[in-house]
>>> print(open('run-v5.csv').read())   # CSV, C-alpha atoms and all ligand atoms
chain,number,residue,atom,x,y,z
A,20,MET,CA,97.2,-169.0,94.5
A,21,SER,CA,95.1,-166.5,96.4
A,22,CYS,CA,92.0,-164.5,95.7
A,23,VAL,CA,92.6,-161.3,93.6
A,24,PHE,CA,89.9,-159.5,95.5
A,25,CYS,CA,90.5,-160.3,99.2
A,26,GLY,CA,93.7,-162.4,99.2
A,27,GLY,CA,91.8,-165.3,100.7
A,28,LYS,CA,92.7,-169.0,100.1
A,29,LEU,CA,91.4,-170.6,96.9
A,30,ILE,CA,90.2,-174.2,96.8
A,31,SER,CA,89.3,-176.3,93.8
A,32,LYS,CA,85.7,-177.0,93.7
A,33,LYS,CA,82.9,-178.1,91.3
A,34,VAL,CA,80.3,-175.3,91.1
A,35,THR,CA,77.1,-174.6,89.3
A,36,PHE,CA,77.6,-171.9,86.7
A,37,ILE,CA,74.7,-169.7,85.8
A,38,TYR,CA,74.9,-168.0,82.5
A,39,GLU,CA,72.6,-165.1,81.8
A,40,ASP,CA,72.5,-162.9,78.7
A,41,ASP,CA,69.3,-161.0,78.1
A,42,ASP,CA,66.7,-163.8,77.7
A,43,GLN,CA,69.3,-166.6,77.3
A,44,PHE,CA,69.7,-168.3,80.6
A,45,PHE,CA,71.1,-171.6,81.4
A,46,VAL,CA,72.9,-173.5,84.1
A,47,ILE,CA,76.0,-175.7,83.8
A,48,ARG,CA,76.6,-178.1,86.6
A,49,ASN,CA,79.9,-179.5,87.9
A,50,VAL,CA,82.1,-176.8,86.5
A,51,PRO,CA,85.6,-176.9,87.9
A,52,ALA,CA,86.5,-173.6,89.5
A,53,GLU,CA,88.8,-172.0,92.1
A,54,VAL,CA,86.6,-170.7,94.9
A,55,CYS,CA,87.7,-168.2,97.6
A,56,THR,CA,87.1,-169.6,101.1
A,57,GLN,CA,86.8,-166.0,102.3
A,58,CYS,CA,84.6,-164.0,99.9
A,59,GLY,CA,83.3,-166.8,97.7
A,60,GLU,CA,84.6,-165.3,94.5
A,61,ARG,CA,84.9,-167.9,91.7
A,62,THR,CA,87.8,-168.0,89.3
A,63,TYR,CA,87.6,-170.0,86.1
A,64,SER,CA,90.7,-171.0,84.1
A,65,PRO,CA,90.8,-169.7,80.5
A,66,GLU,CA,90.2,-173.2,79.3
A,67,ILE,CA,87.1,-173.6,81.4
A,68,THR,CA,85.8,-170.1,80.3
A,69,ASP,CA,86.3,-171.2,76.6
A,70,GLU,CA,84.3,-174.4,77.3
A,71,ILE,CA,81.5,-172.4,79.0
A,72,MET,CA,81.3,-170.0,76.0
A,73,LYS,CA,80.9,-173.0,73.7
A,74,PHE,CA,77.7,-173.9,75.6
A,75,ALA,CA,76.4,-170.4,74.9
A,76,LYS,CA,77.3,-170.4,71.2
A,77,GLN,CA,76.8,-174.0,70.1
A,78,ARG,CA,73.4,-175.4,70.9
A,79,PHE,CA,74.2,-178.6,72.7
A,80,GLN,CA,71.3,-180.8,73.6
A,81,PRO,CA,70.9,-180.1,77.3
A,82,LYS,CA,70.9,-183.0,79.7
A,83,LYS,CA,67.6,-181.9,81.1
A,84,LEU,CA,65.3,-179.0,81.2
A,85,ILE,CA,64.1,-177.4,84.4
A,86,GLU,CA,61.5,-174.7,84.9
A,87,VAL,CA,63.0,-171.6,86.3
A,88,PRO,CA,60.7,-169.0,88.0
A,89,VAL,CA,61.9,-165.5,87.2
A,90,PHE,CA,61.0,-162.7,89.6
A,91,ASP,CA,61.8,-159.1,89.4
A,92,TYR,CA,62.6,-157.4,92.6
A,93,GLY,CA,60.7,-154.4,91.5
A,94,GLN,CA,57.4,-156.3,91.2
A,95,ARG,CA,55.0,-156.1,94.1
A,96,VAL,CA,52.4,-158.4,95.3
A,97,THR,CA,49.2,-156.4,95.4
A,98,ALA,CA,46.5,-159.0,96.2
A,99,VAL,CA,46.7,-160.8,99.5
B,1,ZN,ZN,88.3,-163.6,98.1
>>> encode(input="run-v5.csv", output="C-alpha cells", more="lines below")
Ligand SMILES: [Zn+2]
Amino acid sequence: MSCVFCGGKLISKKVTFIYEDDDQFFVIRNVPAEVCTQCGERTYSPEITDEIMKFAKQRFQPKKLIEVPVFDYGQRVTAV
C-alpha cells in the first residue's frame, strides 16, 4: 500500500490523534495508523475512524486530563 498523496511508502505506526471541532478538543494516544514515510500523511482504517468517532460522541471517562494552552496566531504580544 502506498500514500494516496505522494506515492510514498506507508508504515504501520501508533500515533497521537488530535480531534478538534469548535471548542471540543481532545487527544487520543496510541492510535494505529498507516503513516507515509515521505510526506507524513496519516491514513486510518474505517474501523479505526469509527472508534475515533465513538470517543467524540460518547463521553468516555478520559484516562487523564491535561491542560492545553491555546494560542491564536493572530494574537500579538504587546507588552515586553
Ligand atoms: Zn505521502
>>> closest_residue(input="run-v5.csv", among="A:Val89, A:Phe74, A:Arg95, A:Ser21", to="Phe45 of chain A", atoms="all atoms listed in the file")
A:Phe74
>>> residues_around(input="run-v5.csv", residues="Thr62 of chain A", least_positions_apart="6", cutoff="10 Å", atoms="all atoms listed in the file", output="ChimeraX atom specification")
/A:22-23,29,31,51-55,68
>>> closest_residue(input="run-v5.csv", among="A:Ile71, A:Pro65, A:Lys83, A:Asp91", to="Thr35 of chain A", atoms="only C-alpha atoms")
A:Ile71
>>> residues_near_point(input="run-v5.csv", point="(62.0, -166.8, 86.1)", cutoff="12 Å", atoms="only C-alpha atoms", output="list in words")
Glu39, Asp42, Gln43, Phe44, Phe45, Ile85, Glu86, Val87, Pro88, Val89, Phe90, Asp91 and Tyr92 of chain A
>>> residues_around(input="run-v5.csv", residues="Asp40 of chain A", least_positions_apart="6", cutoff="12 Å", atoms="all atoms listed in the file", output="PyMOL selection string")
chain A and resi 46+72+75-76
>>> residues_near_ligand(input="run-v5.csv", ligand="ligand ZN 1 (chain B)", cutoff="7 Å", atoms="all atoms listed in the file", output="list in words")
Cys22, Val23, Phe24, Cys25, Gly26, Gly27, Cys55, Thr56, Gln57, Cys58, Gly59 and Glu60 of chain A
>>> atom_distance(input="run-v5.csv", atom1="atom CA of Pro81 of chain A", atom2="atom CA of Val34 of chain A")
17.4 Å
>>> atom_distance(input="run-v5.csv", atom1="atom CA of Lys28 of chain A", atom2="atom CA of Arg61 of chain A")
11.5 Å
>>> atom_distance(input="run-v5.csv", atom1="atom CA of Ile67 of chain A", atom2="atom CA of Val50 of chain A")
7.8 Å
>>> decode(input="run-v5.csv", residues="segment 26-61 of chain A", atoms="N, CA and C atoms", output="PDB file, in the first residue's frame")
ATOM      1  N   GLY A  26       2.564   8.896  -3.090  1.00  0.00           N
ATOM      2  CA  GLY A  26       3.036   7.598  -3.553  1.00  0.00           C
ATOM      3  C   GLY A  26       4.139   7.013  -2.693  1.00  0.00           C
ATOM      4  N   GLY A  27       4.418   7.661  -1.572  1.00  0.00           N
ATOM      5  CA  GLY A  27       5.458   7.191  -0.653  1.00  0.00           C
ATOM      6  C   GLY A  27       5.068   5.908   0.055  1.00  0.00           C
ATOM      7  N   LYS A  28       6.029   5.338   0.756  1.00  0.00           N
ATOM      8  CA  LYS A  28       5.809   4.081   1.463  1.00  0.00           C
ATOM      9  C   LYS A  28       5.071   4.325   2.775  1.00  0.00           C
ATOM     10  N   LEU A  29       4.105   3.464   3.069  1.00  0.00           N
ATOM     11  CA  LEU A  29       3.350   3.579   4.318  1.00  0.00           C
ATOM     12  C   LEU A  29       3.855   2.563   5.329  1.00  0.00           C
ATOM     13  N   ILE A  30       3.986   3.006   6.564  1.00  0.00           N
ATOM     14  CA  ILE A  30       4.349   2.079   7.623  1.00  0.00           C
ATOM     15  C   ILE A  30       3.302   2.137   8.731  1.00  0.00           C
ATOM     16  N   SER A  31       3.074   0.996   9.373  1.00  0.00           N
ATOM     17  CA  SER A  31       2.123   0.947  10.490  1.00  0.00           C
ATOM     18  C   SER A  31       2.778   1.534  11.720  1.00  0.00           C
ATOM     19  N   LYS A  32       2.068   2.438  12.357  1.00  0.00           N
ATOM     20  CA  LYS A  32       2.639   3.154  13.485  1.00  0.00           C
ATOM     21  C   LYS A  32       1.533   3.537  14.458  1.00  0.00           C
ATOM     22  N   LYS A  33       1.882   3.677  15.732  1.00  0.00           N
ATOM     23  CA  LYS A  33       0.924   4.196  16.709  1.00  0.00           C
ATOM     24  C   LYS A  33       1.131   5.711  16.770  1.00  0.00           C
ATOM     25  N   VAL A  34       0.061   6.456  16.556  1.00  0.00           N
ATOM     26  CA  VAL A  34       0.186   7.910  16.545  1.00  0.00           C
ATOM     27  C   VAL A  34      -0.733   8.546  17.597  1.00  0.00           C
ATOM     28  N   THR A  35      -0.502   9.806  17.834  1.00  0.00           N
ATOM     29  CA  THR A  35      -1.379  10.573  18.711  1.00  0.00           C
ATOM     30  C   THR A  35      -2.359  11.326  17.830  1.00  0.00           C
ATOM     31  N   PHE A  36      -3.622  11.021  18.007  1.00  0.00           N
ATOM     32  CA  PHE A  36      -4.667  11.634  17.194  1.00  0.00           C
ATOM     33  C   PHE A  36      -5.220  12.850  17.927  1.00  0.00           C
ATOM     34  N   ILE A  37      -5.263  13.966  17.238  1.00  0.00           N
ATOM     35  CA  ILE A  37      -5.809  15.183  17.834  1.00  0.00           C
ATOM     36  C   ILE A  37      -7.134  15.516  17.167  1.00  0.00           C
ATOM     37  N   TYR A  38      -8.178  15.537  17.982  1.00  0.00           N
ATOM     38  CA  TYR A  38      -9.512  15.827  17.471  1.00  0.00           C
ATOM     39  C   TYR A  38      -9.879  17.258  17.817  1.00  0.00           C
ATOM     40  N   GLU A  39     -10.340  17.983  16.830  1.00  0.00           N
ATOM     41  CA  GLU A  39     -10.750  19.356  17.100  1.00  0.00           C
ATOM     42  C   GLU A  39     -12.023  19.669  16.341  1.00  0.00           C
ATOM     43  N   ASP A  40     -13.011  20.147  17.071  1.00  0.00           N
ATOM     44  CA  ASP A  40     -14.275  20.525  16.462  1.00  0.00           C
ATOM     45  C   ASP A  40     -14.841  21.665  17.295  1.00  0.00           C
ATOM     46  N   ASP A  41     -14.727  22.867  16.794  1.00  0.00           N
ATOM     47  CA  ASP A  41     -15.055  24.071  17.559  1.00  0.00           C
ATOM     48  C   ASP A  41     -14.311  24.043  18.890  1.00  0.00           C
ATOM     49  N   ASP A  42     -15.058  23.994  19.997  1.00  0.00           N
ATOM     50  CA  ASP A  42     -14.388  24.028  21.284  1.00  0.00           C
ATOM     51  C   ASP A  42     -14.182  22.643  21.876  1.00  0.00           C
ATOM     52  N   GLN A  43     -14.578  21.629  21.115  1.00  0.00           N
ATOM     53  CA  GLN A  43     -14.301  20.275  21.584  1.00  0.00           C
ATOM     54  C   GLN A  43     -12.935  19.885  21.069  1.00  0.00           C
ATOM     55  N   PHE A  44     -12.104  19.514  21.967  1.00  0.00           N
ATOM     56  CA  PHE A  44     -10.724  19.262  21.628  1.00  0.00           C
ATOM     57  C   PHE A  44     -10.205  18.146  22.503  1.00  0.00           C
ATOM     58  N   PHE A  45      -9.733  17.105  21.902  1.00  0.00           N
ATOM     59  CA  PHE A  45      -9.139  16.056  22.716  1.00  0.00           C
ATOM     60  C   PHE A  45      -8.086  15.278  21.952  1.00  0.00           C
ATOM     61  N   VAL A  46      -7.350  14.507  22.702  1.00  0.00           N
ATOM     62  CA  VAL A  46      -6.210  13.782  22.171  1.00  0.00           C
ATOM     63  C   VAL A  46      -6.418  12.292  22.460  1.00  0.00           C
ATOM     64  N   ILE A  47      -6.205  11.460  21.481  1.00  0.00           N
ATOM     65  CA  ILE A  47      -6.219  10.011  21.709  1.00  0.00           C
ATOM     66  C   ILE A  47      -4.824   9.486  21.391  1.00  0.00           C
ATOM     67  N   ARG A  48      -4.250   8.837  22.360  1.00  0.00           N
ATOM     68  CA  ARG A  48      -2.904   8.323  22.158  1.00  0.00           C
ATOM     69  C   ARG A  48      -2.933   6.874  21.685  1.00  0.00           C
ATOM     70  N   ASN A  49      -1.840   6.471  21.078  1.00  0.00           N
ATOM     71  CA  ASN A  49      -1.665   5.082  20.625  1.00  0.00           C
ATOM     72  C   ASN A  49      -2.725   4.618  19.633  1.00  0.00           C
ATOM     73  N   VAL A  50      -3.047   5.479  18.686  1.00  0.00           N
ATOM     74  CA  VAL A  50      -3.996   5.108  17.637  1.00  0.00           C
ATOM     75  C   VAL A  50      -3.223   4.460  16.482  1.00  0.00           C
ATOM     76  N   PRO A  51      -3.612   3.232  16.093  1.00  0.00           N
ATOM     77  CA  PRO A  51      -2.911   2.594  14.977  1.00  0.00           C
ATOM     78  C   PRO A  51      -3.221   3.319  13.664  1.00  0.00           C
ATOM     79  N   ALA A  52      -2.186   3.655  12.916  1.00  0.00           N
ATOM     80  CA  ALA A  52      -2.372   4.358  11.646  1.00  0.00           C
ATOM     81  C   ALA A  52      -1.315   3.909  10.651  1.00  0.00           C
ATOM     82  N   GLU A  53      -1.593   4.175   9.393  1.00  0.00           N
ATOM     83  CA  GLU A  53      -0.586   3.977   8.353  1.00  0.00           C
ATOM     84  C   GLU A  53       0.005   5.352   8.080  1.00  0.00           C
ATOM     85  N   VAL A  54       1.298   5.490   8.290  1.00  0.00           N
ATOM     86  CA  VAL A  54       1.933   6.797   8.146  1.00  0.00           C
ATOM     87  C   VAL A  54       2.898   6.780   6.967  1.00  0.00           C
ATOM     88  N   CYS A  55       2.803   7.799   6.123  1.00  0.00           N
ATOM     89  CA  CYS A  55       3.678   7.907   4.954  1.00  0.00           C
ATOM     90  C   CYS A  55       5.078   8.321   5.409  1.00  0.00           C
ATOM     91  N   THR A  56       6.074   7.572   4.932  1.00  0.00           N
ATOM     92  CA  THR A  56       7.450   7.880   5.325  1.00  0.00           C
ATOM     93  C   THR A  56       7.963   9.119   4.594  1.00  0.00           C
ATOM     94  N   GLN A  57       7.256   9.505   3.538  1.00  0.00           N
ATOM     95  CA  GLN A  57       7.714  10.634   2.735  1.00  0.00           C
ATOM     96  C   GLN A  57       7.081  11.956   3.167  1.00  0.00           C
ATOM     97  N   CYS A  58       5.739  12.022   3.186  1.00  0.00           N
ATOM     98  CA  CYS A  58       5.070  13.297   3.488  1.00  0.00           C
ATOM     99  C   CYS A  58       4.443  13.321   4.872  1.00  0.00           C
ATOM    100  N   GLY A  59       4.410  12.174   5.563  1.00  0.00           N
ATOM    101  CA  GLY A  59       3.865  12.154   6.913  1.00  0.00           C
ATOM    102  C   GLY A  59       2.363  12.054   6.984  1.00  0.00           C
ATOM    103  N   GLU A  60       1.707  11.937   5.853  1.00  0.00           N
ATOM    104  CA  GLU A  60       0.249  11.815   5.825  1.00  0.00           C
ATOM    105  C   GLU A  60      -0.183  10.547   6.563  1.00  0.00           C
ATOM    106  N   ARG A  61      -1.233  10.684   7.381  1.00  0.00           N
ATOM    107  CA  ARG A  61      -1.718   9.536   8.140  1.00  0.00           C
ATOM    108  C   ARG A  61      -2.990   9.005   7.519  1.00  0.00           C
TER     109      ARG A  61
END
